[in-house]
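Note: the block below is final-v4.txt and it holds compact mmCIF, C-alpha atoms.
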# COMPACT_ATOMS: atom_id res chain seq x y z
CA MET A 1 -6.62 -19.83 23.44
CA LYS A 2 -4.73 -17.00 25.11
CA VAL A 3 -4.24 -18.00 28.73
CA LYS A 4 -1.41 -18.27 31.20
CA THR A 5 -0.16 -21.83 31.48
CA LEU A 6 1.31 -23.83 34.31
CA GLU A 7 4.08 -24.92 31.98
CA ALA A 8 5.16 -21.32 31.35
CA LEU A 9 5.09 -20.48 35.07
CA ALA A 10 7.18 -23.57 35.86
CA LYS A 11 9.74 -22.76 33.16
CA ASN A 12 10.13 -19.27 34.63
CA GLY A 13 10.59 -20.68 38.15
CA GLU A 14 7.45 -18.89 39.37
CA LEU A 15 6.08 -21.81 41.40
CA LYS A 16 8.90 -22.32 43.91
CA GLY A 17 7.57 -22.08 47.45
CA LYS A 18 4.10 -21.17 46.15
CA ARG A 19 0.81 -22.77 47.18
CA VAL A 20 -0.61 -24.23 43.96
CA PHE A 21 -4.28 -25.27 43.77
CA ILE A 22 -4.96 -27.71 40.91
CA ARG A 23 -8.58 -28.30 39.87
CA ALA A 24 -8.21 -31.77 38.38
CA ASP A 25 -10.75 -34.26 37.09
CA LEU A 26 -10.46 -37.32 39.32
CA ASN A 27 -14.06 -38.39 38.76
CA VAL A 28 -13.16 -42.00 37.99
CA PRO A 29 -15.49 -44.98 37.60
CA ARG A 30 -15.49 -47.45 40.50
CA GLY A 31 -16.87 -50.93 41.04
CA PRO A 32 -19.36 -52.02 43.73
CA THR A 33 -16.57 -52.32 46.32
CA GLY A 34 -15.21 -48.86 45.52
CA ARG A 35 -12.26 -50.22 43.55
CA ILE A 36 -11.18 -47.90 40.72
CA SER A 37 -12.03 -49.60 37.43
CA ASP A 38 -10.43 -47.08 35.04
CA ASP A 39 -7.58 -44.82 36.19
CA HIS A 40 -7.22 -42.88 32.92
CA ARG A 41 -8.29 -39.55 34.43
CA ILE A 42 -5.96 -39.93 37.41
CA ARG A 43 -3.01 -40.64 35.12
CA GLU A 44 -3.92 -37.65 32.97
CA SER A 45 -3.68 -35.45 36.09
CA LEU A 46 -0.08 -36.50 36.84
CA PRO A 47 1.77 -34.08 34.49
CA ALA A 48 0.33 -30.98 36.21
CA ILE A 49 1.02 -32.32 39.69
CA ASN A 50 4.58 -33.35 38.83
CA MET A 51 5.23 -30.05 37.07
CA ALA A 52 4.29 -28.11 40.21
CA LEU A 53 6.23 -30.45 42.51
CA GLU A 54 9.37 -30.30 40.41
CA ASP A 55 9.32 -26.51 40.61
CA GLY A 56 9.13 -26.62 44.42
CA ALA A 57 5.44 -25.87 44.99
CA ALA A 58 3.10 -26.96 47.76
CA VAL A 59 0.37 -28.75 45.84
CA MET A 60 -3.35 -29.00 46.58
CA VAL A 61 -5.41 -31.23 44.27
CA CYS A 62 -9.16 -30.72 44.08
CA SER A 63 -11.89 -32.62 42.23
CA HIS A 64 -15.49 -33.73 42.35
CA LEU A 65 -16.47 -37.39 42.45
CA GLY A 66 -19.87 -38.68 41.45
CA ARG A 67 -23.06 -36.69 41.98
CA PRO A 68 -23.51 -36.28 45.73
CA LYS A 69 -26.12 -34.02 47.24
CA GLU A 70 -24.23 -30.82 47.86
CA GLY A 71 -23.02 -30.52 51.45
CA GLU A 72 -24.02 -34.09 52.31
CA LEU A 73 -21.17 -36.41 51.34
CA THR A 74 -21.38 -40.12 52.10
CA GLU A 75 -18.45 -42.51 52.46
CA ASN A 76 -18.96 -43.53 48.84
CA ASP A 77 -18.52 -39.88 47.75
CA SER A 78 -15.11 -39.52 49.39
CA LEU A 79 -11.91 -38.98 47.42
CA LYS A 80 -9.83 -40.75 50.10
CA GLY A 81 -9.45 -43.90 47.96
CA VAL A 82 -8.46 -41.78 44.97
CA ALA A 83 -5.87 -39.97 47.10
CA ASP A 84 -4.33 -43.31 48.11
CA TYR A 85 -4.27 -44.44 44.49
CA LEU A 86 -2.67 -41.18 43.40
CA GLY A 87 0.03 -41.67 46.02
CA LYS A 88 0.92 -45.05 44.51
CA LEU A 89 1.19 -43.53 41.04
CA LEU A 90 3.33 -40.65 42.30
CA GLY A 91 5.47 -42.93 44.45
CA LYS A 92 5.13 -40.68 47.47
CA GLU A 93 2.84 -39.96 50.39
CA VAL A 94 -0.26 -38.01 49.47
CA LYS A 95 -2.08 -36.32 52.33
CA PHE A 96 -5.86 -36.03 52.50
CA ALA A 97 -7.82 -33.05 53.83
CA THR A 98 -11.45 -32.67 54.86
CA ASN A 99 -13.15 -29.36 55.74
CA TRP A 100 -10.42 -27.77 53.69
CA VAL A 101 -12.15 -24.47 52.86
CA GLU A 102 -11.09 -23.22 56.30
CA GLY A 103 -7.41 -23.86 55.57
CA VAL A 104 -4.99 -26.46 54.20
CA ASP A 105 -1.77 -27.64 55.83
CA VAL A 106 0.68 -28.33 53.01
CA GLU A 107 4.39 -27.55 52.58
CA PRO A 108 6.55 -27.22 49.44
CA GLY A 109 7.20 -30.65 47.96
CA GLU A 110 4.02 -32.09 49.46
CA VAL A 111 0.74 -33.08 47.81
CA VAL A 112 -2.63 -33.02 49.52
CA VAL A 113 -5.86 -34.21 47.94
CA LEU A 114 -8.88 -32.20 49.08
CA GLU A 115 -12.17 -33.90 49.84
CA ASN A 116 -14.87 -33.91 47.14
CA CYS A 117 -15.50 -30.25 46.30
CA ARG A 118 -19.21 -30.87 45.96
CA GLY A 119 -19.30 -31.33 49.72
CA ASN A 120 -19.11 -27.53 49.89
CA VAL A 121 -22.48 -25.79 49.74
CA GLY A 122 -22.38 -23.26 46.92
CA GLU A 123 -19.96 -25.17 44.68
CA LYS A 124 -22.39 -25.92 41.86
CA LYS A 125 -24.05 -22.49 42.07
CA ASN A 126 -20.65 -20.80 41.74
CA ASP A 127 -21.14 -18.93 45.02
CA GLU A 128 -19.02 -15.78 45.04
CA GLU A 129 -18.06 -15.86 48.72
CA LEU A 130 -17.10 -19.52 48.54
CA SER A 131 -15.03 -18.85 45.41
CA LYS A 132 -13.17 -15.99 47.12
CA LYS A 133 -12.52 -18.07 50.22
CA MET A 134 -11.08 -20.95 48.22
CA ALA A 135 -9.04 -18.64 46.00
CA ALA A 136 -7.40 -17.22 49.15
CA LEU A 137 -5.96 -20.68 49.90
CA CYS A 138 -3.47 -20.47 47.05
CA ASP A 139 -0.94 -18.30 45.24
CA VAL A 140 -1.60 -19.99 41.89
CA TYR A 141 -4.88 -21.51 40.68
CA VAL A 142 -4.62 -24.14 37.94
CA ASN A 143 -7.57 -25.51 35.98
CA ASP A 144 -6.61 -28.86 34.52
CA ALA A 145 -10.12 -30.32 34.37
CA PHE A 146 -11.35 -29.99 30.79
CA GLY A 147 -14.21 -32.39 31.52
CA THR A 148 -15.85 -29.80 33.81
CA SER A 149 -14.89 -26.67 31.89
CA HIS A 150 -18.41 -26.32 30.49
CA ARG A 151 -19.71 -25.79 34.05
CA ALA A 152 -19.53 -22.39 35.77
CA GLN A 153 -18.88 -23.63 39.30
CA ALA A 154 -16.85 -22.32 42.21
CA THR A 155 -13.77 -24.50 41.63
CA THR A 156 -13.92 -24.24 37.83
CA GLU A 157 -14.91 -20.66 37.06
CA GLY A 158 -15.25 -18.73 40.32
CA MET A 159 -11.73 -19.36 41.64
CA ALA A 160 -10.24 -18.35 38.29
CA LYS A 161 -11.70 -14.87 38.84
CA TYR A 162 -10.33 -14.28 42.31
CA ALA A 163 -7.03 -16.19 42.61
CA LYS A 164 -3.82 -14.12 42.56
CA VAL A 165 -2.70 -16.01 39.45
CA ALA A 166 -4.97 -18.21 37.30
CA CYS A 167 -3.66 -20.52 34.59
CA ALA A 168 -4.38 -23.62 32.50
CA GLY A 169 -2.80 -26.94 33.32
CA PRO A 170 -1.17 -29.08 30.60
CA LEU A 171 -4.23 -31.32 30.10
CA LEU A 172 -6.65 -28.42 29.67
CA ALA A 173 -4.25 -26.64 27.30
CA LYS A 174 -3.77 -29.86 25.31
CA GLU A 175 -7.52 -30.42 25.02
CA ILE A 176 -8.24 -26.91 23.76
CA ASP A 177 -5.33 -27.06 21.30
CA ALA A 178 -6.57 -30.42 19.96
CA LEU A 179 -10.17 -29.27 19.60
CA THR A 180 -9.10 -26.02 17.96
CA ALA A 181 -6.96 -28.00 15.50
CA ALA A 182 -9.95 -30.21 14.75
CA VAL A 183 -12.50 -27.44 14.24
CA GLY A 184 -11.42 -23.79 14.06
CA GLY A 185 -7.93 -24.38 12.69
CA ALA A 186 -8.61 -27.63 10.87
CA GLU A 187 -6.85 -28.75 7.71
CA HIS A 188 -9.22 -29.71 4.93
CA PRO A 189 -10.78 -31.97 3.80
CA LEU A 190 -12.51 -32.06 7.19
CA VAL A 191 -14.80 -35.02 7.90
CA ALA A 192 -17.10 -35.17 10.95
CA VAL A 193 -18.86 -38.31 12.13
CA VAL A 194 -21.82 -37.67 14.43
CA GLY A 195 -23.67 -40.72 15.67
CA GLY A 196 -26.01 -41.58 18.50
CA SER A 197 -29.62 -42.39 19.14
CA LYS A 198 -31.34 -39.00 18.84
CA VAL A 199 -31.04 -36.00 16.55
CA SER A 200 -32.35 -33.80 19.36
CA THR A 201 -29.24 -34.41 21.49
CA LYS A 202 -26.87 -33.56 18.63
CA LEU A 203 -28.87 -31.04 16.59
CA THR A 204 -26.86 -27.99 17.67
CA ILE A 205 -23.64 -29.85 16.85
CA LEU A 206 -24.91 -30.73 13.37
CA ILE A 207 -26.04 -27.14 12.73
CA HIS A 208 -22.69 -25.74 13.91
CA LEU A 209 -20.52 -28.24 12.04
CA ALA A 210 -22.41 -28.31 8.73
CA PRO A 211 -20.96 -25.02 7.38
CA LEU A 212 -17.46 -25.91 8.64
CA VAL A 213 -16.92 -29.45 7.36
CA ASP A 214 -16.45 -30.90 3.90
CA THR A 215 -18.27 -34.13 4.72
CA LEU A 216 -20.79 -34.83 7.47
CA ILE A 217 -21.48 -38.48 8.29
CA VAL A 218 -24.40 -39.32 10.58
CA GLY A 219 -25.09 -42.67 12.19
CA GLY A 220 -27.37 -44.55 14.57
CA GLY A 221 -30.84 -43.20 15.26
CA ILE A 222 -29.70 -39.83 13.98
CA ALA A 223 -29.23 -41.28 10.49
CA ASN A 224 -32.72 -42.83 10.69
CA THR A 225 -34.33 -39.41 11.06
CA PHE A 226 -32.35 -38.13 8.08
CA LEU A 227 -33.52 -41.14 6.06
CA LEU A 228 -37.08 -40.11 6.95
CA ALA A 229 -36.24 -36.63 5.68
CA GLN A 230 -35.22 -38.29 2.40
CA GLY A 231 -38.66 -39.90 2.21
CA LYS A 232 -37.42 -43.40 3.06
CA LYS A 233 -39.48 -45.94 5.01
CA ILE A 234 -37.60 -47.05 8.10
CA GLY A 235 -40.01 -49.57 9.65
CA LYS A 236 -40.06 -49.36 13.45
CA SER A 237 -36.55 -47.88 13.69
CA LEU A 238 -35.79 -45.30 16.36
CA ALA A 239 -36.29 -41.82 14.91
CA GLU A 240 -37.67 -38.35 15.65
CA PRO A 241 -40.16 -37.46 12.89
CA GLU A 242 -40.82 -34.05 14.45
CA LEU A 243 -37.23 -33.06 13.58
CA VAL A 244 -37.39 -33.94 9.88
CA GLY A 245 -37.63 -30.24 9.03
CA GLU A 246 -34.43 -29.45 10.94
CA CYS A 247 -32.69 -32.38 9.25
CA LYS A 248 -33.66 -31.00 5.84
CA LYS A 249 -32.00 -27.68 6.74
CA VAL A 250 -28.74 -29.47 7.53
CA MET A 251 -29.00 -31.41 4.28
CA GLU A 252 -29.51 -28.17 2.32
CA VAL A 253 -26.29 -26.75 3.79
CA MET A 254 -24.37 -29.90 2.86
CA LYS A 255 -25.70 -29.76 -0.73
CA THR A 256 -23.61 -26.61 -1.27
CA LYS A 257 -20.38 -28.53 -0.64
CA GLU A 258 -18.09 -29.53 -3.47
CA GLY A 259 -15.78 -32.52 -3.85
CA LYS A 260 -16.52 -35.96 -2.39
CA LEU A 261 -19.91 -36.98 -1.07
CA PRO A 262 -20.73 -34.19 1.38
CA PHE A 263 -23.55 -36.01 3.17
CA PRO A 264 -23.33 -39.79 2.67
CA LEU A 265 -26.44 -41.37 4.20
CA PRO A 266 -26.61 -45.19 4.51
CA VAL A 267 -27.38 -47.07 1.30
CA ASP A 268 -27.72 -50.44 3.03
CA VAL A 269 -28.41 -51.38 6.64
CA VAL A 270 -28.55 -54.23 9.14
CA VAL A 271 -32.12 -54.79 10.31
CA ALA A 272 -33.83 -57.02 12.88
CA ARG A 273 -37.27 -57.43 14.35
CA HIS A 274 -35.97 -56.81 17.87
CA MET A 275 -32.77 -55.62 19.46
CA GLY A 276 -30.87 -58.27 21.38
CA TYR A 277 -27.83 -60.51 21.36
CA ASP A 278 -30.06 -63.32 20.10
CA ALA A 279 -31.75 -61.26 17.39
CA GLY A 280 -31.76 -62.70 13.92
CA PHE A 281 -30.81 -60.06 11.37
CA ARG A 282 -30.46 -59.42 7.68
CA ILE A 283 -28.66 -56.92 5.48
CA CYS A 284 -30.78 -55.01 2.99
CA ASP A 285 -30.85 -51.85 0.90
CA VAL A 286 -32.54 -48.85 2.55
CA ASP A 287 -35.43 -49.20 0.10
CA ASP A 288 -36.15 -52.75 1.28
CA ILE A 289 -36.83 -52.24 5.01
CA GLN A 290 -40.01 -53.99 6.18
CA ASP A 291 -42.59 -52.37 8.47
CA ASP A 292 -41.75 -54.68 11.39
CA GLU A 293 -37.96 -54.24 11.14
CA MET A 294 -35.63 -51.76 12.79
CA ILE A 295 -32.26 -50.43 11.62
CA LEU A 296 -29.49 -51.37 14.07
CA ASP A 297 -26.31 -50.89 12.01
CA VAL A 298 -25.06 -49.81 8.60
CA GLY A 299 -24.35 -52.42 5.94
CA PRO A 300 -21.15 -53.33 4.03
CA LYS A 301 -21.95 -51.13 1.00
CA THR A 302 -22.25 -48.13 3.31
CA SER A 303 -18.99 -49.01 5.05
CA MET A 304 -17.23 -49.22 1.70
CA MET A 305 -18.69 -45.85 0.73
CA LEU A 306 -17.45 -44.29 3.98
CA ARG A 307 -13.96 -45.71 3.43
CA GLY A 308 -13.89 -43.83 0.13
CA VAL A 309 -15.06 -40.63 1.79
CA MET A 310 -12.34 -40.87 4.45
CA ASP A 311 -9.60 -41.45 1.88
CA GLY A 312 -7.55 -38.26 1.69
CA ALA A 313 -9.15 -36.61 4.75
CA LYS A 314 -6.82 -34.27 6.64
CA THR A 315 -8.96 -33.86 9.77
CA ILE A 316 -11.52 -36.26 11.27
CA ILE A 317 -13.87 -35.62 14.20
CA TRP A 318 -15.62 -38.69 15.58
CA ASN A 319 -18.48 -38.48 18.08
CA GLY A 320 -20.95 -41.33 18.20
CA PRO A 321 -21.25 -44.91 16.87
CA LEU A 322 -23.00 -45.97 13.67
CA GLY A 323 -25.01 -48.75 15.31
CA VAL A 324 -25.52 -50.83 18.45
CA PHE A 325 -21.83 -51.74 18.55
CA GLU A 326 -22.07 -53.30 22.00
CA MET A 327 -23.80 -56.33 20.41
CA ASP A 328 -21.78 -58.57 18.11
CA ASN A 329 -24.59 -58.80 15.57
CA PHE A 330 -24.70 -55.02 15.12
CA LYS A 331 -21.07 -53.95 15.60
CA GLU A 332 -19.52 -54.26 12.15
CA GLY A 333 -20.42 -50.77 10.89
CA THR A 334 -18.78 -49.03 13.85
CA HIS A 335 -15.90 -51.53 13.83
CA ASP A 336 -15.17 -50.79 10.18
CA LEU A 337 -15.45 -47.05 10.81
CA ALA A 338 -12.91 -47.32 13.66
CA ARG A 339 -10.46 -49.16 11.41
CA THR A 340 -11.00 -46.63 8.62
CA ILE A 341 -10.28 -43.69 10.93
CA ALA A 342 -7.16 -45.43 12.26
CA LYS A 343 -5.97 -46.02 8.69
CA ALA A 344 -6.61 -42.38 7.73
CA THR A 345 -4.69 -41.27 10.82
CA LYS A 346 -1.73 -43.43 9.84
CA ALA A 347 -1.87 -41.81 6.40
CA GLY A 348 -1.50 -38.36 7.98
CA ALA A 349 -4.95 -37.19 9.07
CA PHE A 350 -5.46 -35.54 12.46
CA SER A 351 -8.23 -37.47 14.21
CA ILE A 352 -9.98 -36.58 17.45
CA VAL A 353 -12.38 -38.86 19.32
CA GLY A 354 -14.75 -37.74 22.06
CA GLY A 355 -17.83 -38.85 23.97
CA GLY A 356 -18.22 -41.83 26.29
CA ASP A 357 -19.73 -44.28 23.78
CA THR A 358 -17.23 -43.29 21.11
CA ILE A 359 -14.23 -43.74 23.38
CA ALA A 360 -15.65 -47.11 24.47
CA ALA A 361 -15.93 -48.11 20.82
CA ALA A 362 -12.38 -46.96 20.07
CA LYS A 363 -11.11 -49.08 22.96
CA ALA A 364 -13.31 -52.08 22.10
CA PHE A 365 -12.00 -52.11 18.53
CA ASP A 366 -8.38 -51.49 19.57
CA VAL A 367 -7.89 -48.13 17.85
CA ALA A 368 -7.63 -45.87 20.92
CA ASP A 369 -3.86 -45.67 20.45
CA LYS A 370 -4.19 -45.34 16.68
CA VAL A 371 -6.03 -42.01 16.58
CA SER A 372 -4.41 -38.63 17.13
CA TYR A 373 -6.27 -37.57 20.25
CA ILE A 374 -8.92 -38.85 22.66
CA SER A 375 -10.74 -36.11 24.55
CA THR A 376 -11.26 -36.57 28.30
CA GLY A 377 -14.30 -34.29 28.30
CA GLY A 378 -17.79 -35.59 27.59
CA GLY A 379 -20.13 -32.62 27.93
CA ALA A 380 -17.30 -30.14 27.40
CA PHE A 381 -16.30 -31.87 24.16
CA LEU A 382 -19.87 -31.71 22.88
CA GLU A 383 -20.37 -28.07 23.85
CA PHE A 384 -17.13 -27.12 22.10
CA LEU A 385 -18.42 -28.84 18.94
CA GLU A 386 -21.65 -26.88 19.35
CA GLY A 387 -19.62 -23.66 19.22
CA LYS A 388 -20.45 -22.72 22.81
CA THR A 389 -18.16 -20.76 25.10
CA LEU A 390 -16.76 -22.90 27.91
CA PRO A 391 -17.11 -20.78 31.10
CA ALA A 392 -14.00 -22.12 32.83
CA VAL A 393 -11.85 -21.45 29.77
CA ALA A 394 -13.37 -17.98 29.31
CA ALA A 395 -12.49 -17.15 32.91
CA LEU A 396 -8.83 -18.02 32.27
CA GLU A 397 -8.80 -16.01 29.06
CA ALA A 398 -10.18 -12.99 30.96
CA ARG A 399 -7.21 -13.21 33.32
CA PHE A 400 -4.58 -13.44 30.58
CA GLU A 401 -3.49 -9.80 30.79
CA LYS A 402 -3.81 -9.57 34.58
Please render this file's structure as structure tokens.
Amino acid sequence: MKVKTLEALAKNGELKGKRVFIRADLNVPRGPTGRISDDHRIRESLPAINMALEDGAAVMVCSHLGRPKEGELTENDSLKGVADYLGKLLGKEVKFATNWVEGVDVEPGEVVVLENCRGNVGEKKNDEELSKKMAALCDVYVNDAFGTSHRAQATTEGMAKYAKVACAGPLLAKEIDALTAAVGGAEHPLVAVVGGSKVSTKLTILIHLAPLVDTLIVGGGIANTFLLAQGKKIGKSLAEPELVGECKKVMEVMKTKEGKLPFPLPVDVVVARHMGYDAGFRICDVDDIQDDEMILDVGPKTSMMLRGVMDGAKTIIWNGPLGVFEMDNFKEGTHDLARTIAKATKAGAFSIVGGGDTIAAAKAFDVADKVSYISTGGGAFLEFLEGKTLPAVAALEARFEK
């Protein structure tokens, strides 16, 4: 990724006295009372803010929050609570500005959080006039919101076109570097784990990754459709029979791979007659699934097989669980996978984890700090794996020589 970076500008002393606009991702989950329940994204925004402050800049921080109707913010859509929380983390007063498109009062050494950008009509449509107006507020535009970089919106793509200087913040740069290391510049053997309920939601990822990886592991409902493509009976398991043909194409690509098992489908599974915390279950081989049973996890033989596949891996991409890990009776396959990836990481593999369910699993099984990198971007992470161009990143790359 060839872009200007905030870090380089700060090292060269190019931020002193400048008005710096940081597009952060402060879209944090909150409880019924509005209390922030997970501050990970706010903490990830701190390096860019501190970097600009330490170099003497006047800092404006912008983000969206939730999914409000554009131009019609409610009290629940406001970033005021996030601004107060940010102030506590920074240990200094953080100002808050509404109707900020018309102008922002901020001096060097100060931080002001701008009200939810989706309160501005034209934000999501990437309105050109709005983008120009916002770009005029600053001397330096910084995109540090990887999680929204797959969206061409006014504060993510439009401002990057029209600001005097446009650069990537440390979080965005770190994300792109990590994803590039995991895909384009990966060390081999490269193993990708793609799980989830439906092939249709991950088909483009599977098609893009198949030629690039040495081993492709599929799990959840996705694996069920591939088992159908193998001619297996899967009872009443979740699957998409209409995509069997597409699955066969992916399997044909993986057949060309050499070395360890290139496409290890489950050999045994955990089945039940209904999905629930109270569901009785049994472990059986994939050839022994009854018509009234559904697959809800992989079995111990499959987990052992996957441990062997991971042994010696240099790069691991993990997106999606292997079963219904939220329920104790169907968690062991994903739990074992998490431990296996952590062990491979300790042995020297570069591992990257992305996607909401996958991050939740990594945290639930206490391996979040035992993998190399956890991506903050959900949709952006997936679109990168699909080989798509991220509009916000492309806009920064276009400004590299300017």
For Lys260 of chain A, find every residue with an atom within 9 Å (counting all atoms listed in the file), except residues of its own chain fewer than 4 positions away, and show them as number ranges by chain. A: 214-215, 308-309
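One finds atom CA of Ala380 of chain A at 27.9 Å from atom CA of Leu296 of chain A.
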Residue with smallest distance to Leu212 of chain A - pool A:Lys233, A:Lys124, A:His188, A:Arg151, counting all atoms listed in the file: A:His188
For segment 136-143 of chain A, find every residue with an atom within 9 Å (counting all atoms listed in the file), except residues of its own chain fewer than 5 positions away, and show them as a ChimeraX atom specification. /A:5-6,15,18-24,48,60,101-104,131,149,155-157,159-160,162-169,171-172,392-393,396
One-decimal distance in Å that lies between atom CA of Lys363 of chain A and atom CA of Ser375 of chain A: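 Atom-to-atom, atom CA of Ser375 of chain A to atom CA of Lys363 of chain A, that is 13.1 Å.
With only C-alpha atoms taken into account, the protein and nucleic acid residues at most 9 Å from Met51 of chain A (excluding it and anything under 6 positions from it in its own chain) are Leu6, Glu7, Ala10 and Ala57 of chain A.
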I'd like the neighbourhood of Val82 of chain A as a compact mmCIF listing (two decimals) with C-alpha atoms, keeping the file's coordinate frame, where a residue qualifies if any of its atoms comes within 9 Å (using only C-alpha atoms), though same-chain residues fewer than 2 positions away should be ignored.
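Listing of selection.txt after writing:
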# COMPACT_ATOMS: atom_id res chain seq x y z
CA LEU A 26 -10.46 -37.32 39.32
CA VAL A 28 -13.16 -42.00 37.99
CA ILE A 36 -11.18 -47.90 40.72
CA ILE A 42 -5.96 -39.93 37.41
CA SER A 78 -15.11 -39.52 49.39
CA LEU A 79 -11.91 -38.98 47.42
CA LYS A 80 -9.83 -40.75 50.10
CA ASP A 84 -4.33 -43.31 48.11
CA TYR A 85 -4.27 -44.44 44.49
CA LEU A 86 -2.67 -41.18 43.40
CA GLY A 87 0.03 -41.67 46.02
CA VAL A 113 -5.86 -34.21 47.94
Using all atoms listed in the file, list the residues that have an atom at most 6 Å from (-28.5, -49.0, 6.5), coordinates as in the file, as a PyMOL selection string. chain A and resi 266-270+286+298-299
With all atoms listed in the file as the atoms that count, which of A:Asp287, A:Glu110, A:Glu70, A:Asp369 lies nearest to Asn50 of chain A?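 For Asn50 of chain A, the nearest of the candidates is A:Glu110.
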Using only C-alpha atoms: which of A:Thr358, A:Asn126, A:Ala395, A:Gly185 has the shortest distance to Lys4 of chain A: A:Ala395
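Closest approach to His274 of chain A from the set A:Ala83, A:Leu190, A:Ala364, A:Leu238 is made by A:Leu238, with distances taken over only C-alpha atoms.
Each of A:Val371, A:Leu90, A:Val121, A:Met294 was checked against Ile234 of chain A using only C-alpha atoms; the smallest atom-to-atom distance is that of A:Met294.
Straight-line separation from atom CA of Lys95 of chain A to atom CA of His40 of chain A: 21.1 Å.
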Residues within 10 Å of (-3.4, -43.4, 2.1), file coordinates, counting all atoms listed in the file: what are they? Give the list as a list in words. Met310, Asp311, Gly312, Ala313, Lys343, Ala344, Thr345, Lys346, Ala347, Gly348 and Ala349 of chain A
Selected residue, from A:Gly81, A:Gly17, A:Gly184, A:Gly387, that lies nearest to Leu114 of chain A when counting all atoms listed in the file: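 Going through A:Gly81, A:Gly17, A:Gly184, A:Gly387 one by one, the smallest distance to Leu114 of chain A is for A:Gly81.
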Write out as a count of residues only each polymer residue whose atoms come within 8 Å of Asp292 of chain A, counting all atoms listed in the file; drop sequence neighbours fewer than 2 positions from it. 5
Assuming the input is short of atoms at segment 365-369 of chain A, produce all heavy atoms for that part as a PDB file, in the coordinates of the input.
ATOM      1  N   PHE A 365     -12.503 -51.694  19.841  1.00  0.00           N
ATOM      2  CA  PHE A 365     -12.000 -52.110  18.530  1.00  0.00           C
ATOM      3  C   PHE A 365     -10.505 -51.836  18.376  1.00  0.00           C
ATOM      4  O   PHE A 365      -9.966 -51.824  17.266  1.00  0.00           O
ATOM      5  CB  PHE A 365     -12.812 -51.421  17.429  1.00  0.00           C
ATOM      6  CG  PHE A 365     -14.281 -51.767  17.474  1.00  0.00           C
ATOM      7  CD1 PHE A 365     -15.248 -50.781  17.428  1.00  0.00           C
ATOM      8  CD2 PHE A 365     -14.685 -53.086  17.598  1.00  0.00           C
ATOM      9  CE1 PHE A 365     -16.602 -51.097  17.484  1.00  0.00           C
ATOM     10  CE2 PHE A 365     -16.031 -53.420  17.650  1.00  0.00           C
ATOM     11  CZ  PHE A 365     -16.992 -52.428  17.599  1.00  0.00           C
ATOM     12  N   ASP A 366      -9.852 -51.577  19.520  1.00  0.00           N
ATOM     13  CA  ASP A 366      -8.380 -51.490  19.570  1.00  0.00           C
ATOM     14  C   ASP A 366      -7.793 -50.403  18.675  1.00  0.00           C
ATOM     15  O   ASP A 366      -6.769 -50.611  18.024  1.00  0.00           O
ATOM     16  CB  ASP A 366      -7.775 -52.854  19.213  1.00  0.00           C
ATOM     17  CG  ASP A 366      -6.318 -52.977  19.641  1.00  0.00           C
ATOM     18  OD1 ASP A 366      -5.942 -52.340  20.647  1.00  0.00           O
ATOM     19  OD2 ASP A 366      -5.553 -53.701  18.960  1.00  0.00           O
ATOM     20  N   VAL A 367      -8.456 -49.240  18.631  1.00  0.00           N
ATOM     21  CA  VAL A 367      -7.890 -48.130  17.850  1.00  0.00           C
ATOM     22  C   VAL A 367      -7.617 -46.899  18.725  1.00  0.00           C
ATOM     23  O   VAL A 367      -7.232 -45.850  18.213  1.00  0.00           O
ATOM     24  CB  VAL A 367      -8.797 -47.730  16.667  1.00  0.00           C
ATOM     25  CG1 VAL A 367      -9.010 -48.897  15.722  1.00  0.00           C
ATOM     26  CG2 VAL A 367     -10.123 -47.169  17.150  1.00  0.00           C
ATOM     27  N   ALA A 368      -7.806 -47.024  20.039  1.00  0.00           N
ATOM     28  CA  ALA A 368      -7.630 -45.870  20.920  1.00  0.00           C
ATOM     29  C   ALA A 368      -6.224 -45.289  20.817  1.00  0.00           C
ATOM     30  O   ALA A 368      -6.030 -44.066  20.945  1.00  0.00           O
ATOM     31  CB  ALA A 368      -7.935 -46.256  22.372  1.00  0.00           C
ATOM     32  N   ASP A 369      -5.236 -46.146  20.583  1.00  0.00           N
ATOM     33  CA  ASP A 369      -3.860 -45.670  20.450  1.00  0.00           C
ATOM     34  C   ASP A 369      -3.472 -45.438  18.991  1.00  0.00           C
ATOM     35  O   ASP A 369      -2.312 -45.175  18.683  1.00  0.00           O
ATOM     36  CB  ASP A 369      -2.883 -46.655  21.105  1.00  0.00           C
ATOM     37  CG  ASP A 369      -2.943 -48.049  20.463  1.00  0.00           C
ATOM     38  OD1 ASP A 369      -3.893 -48.315  19.713  1.00  0.00           O
ATOM     39  OD2 ASP A 369      -2.025 -48.853  20.720  1.00  0.00           O
TER      40      ASP A 369
END
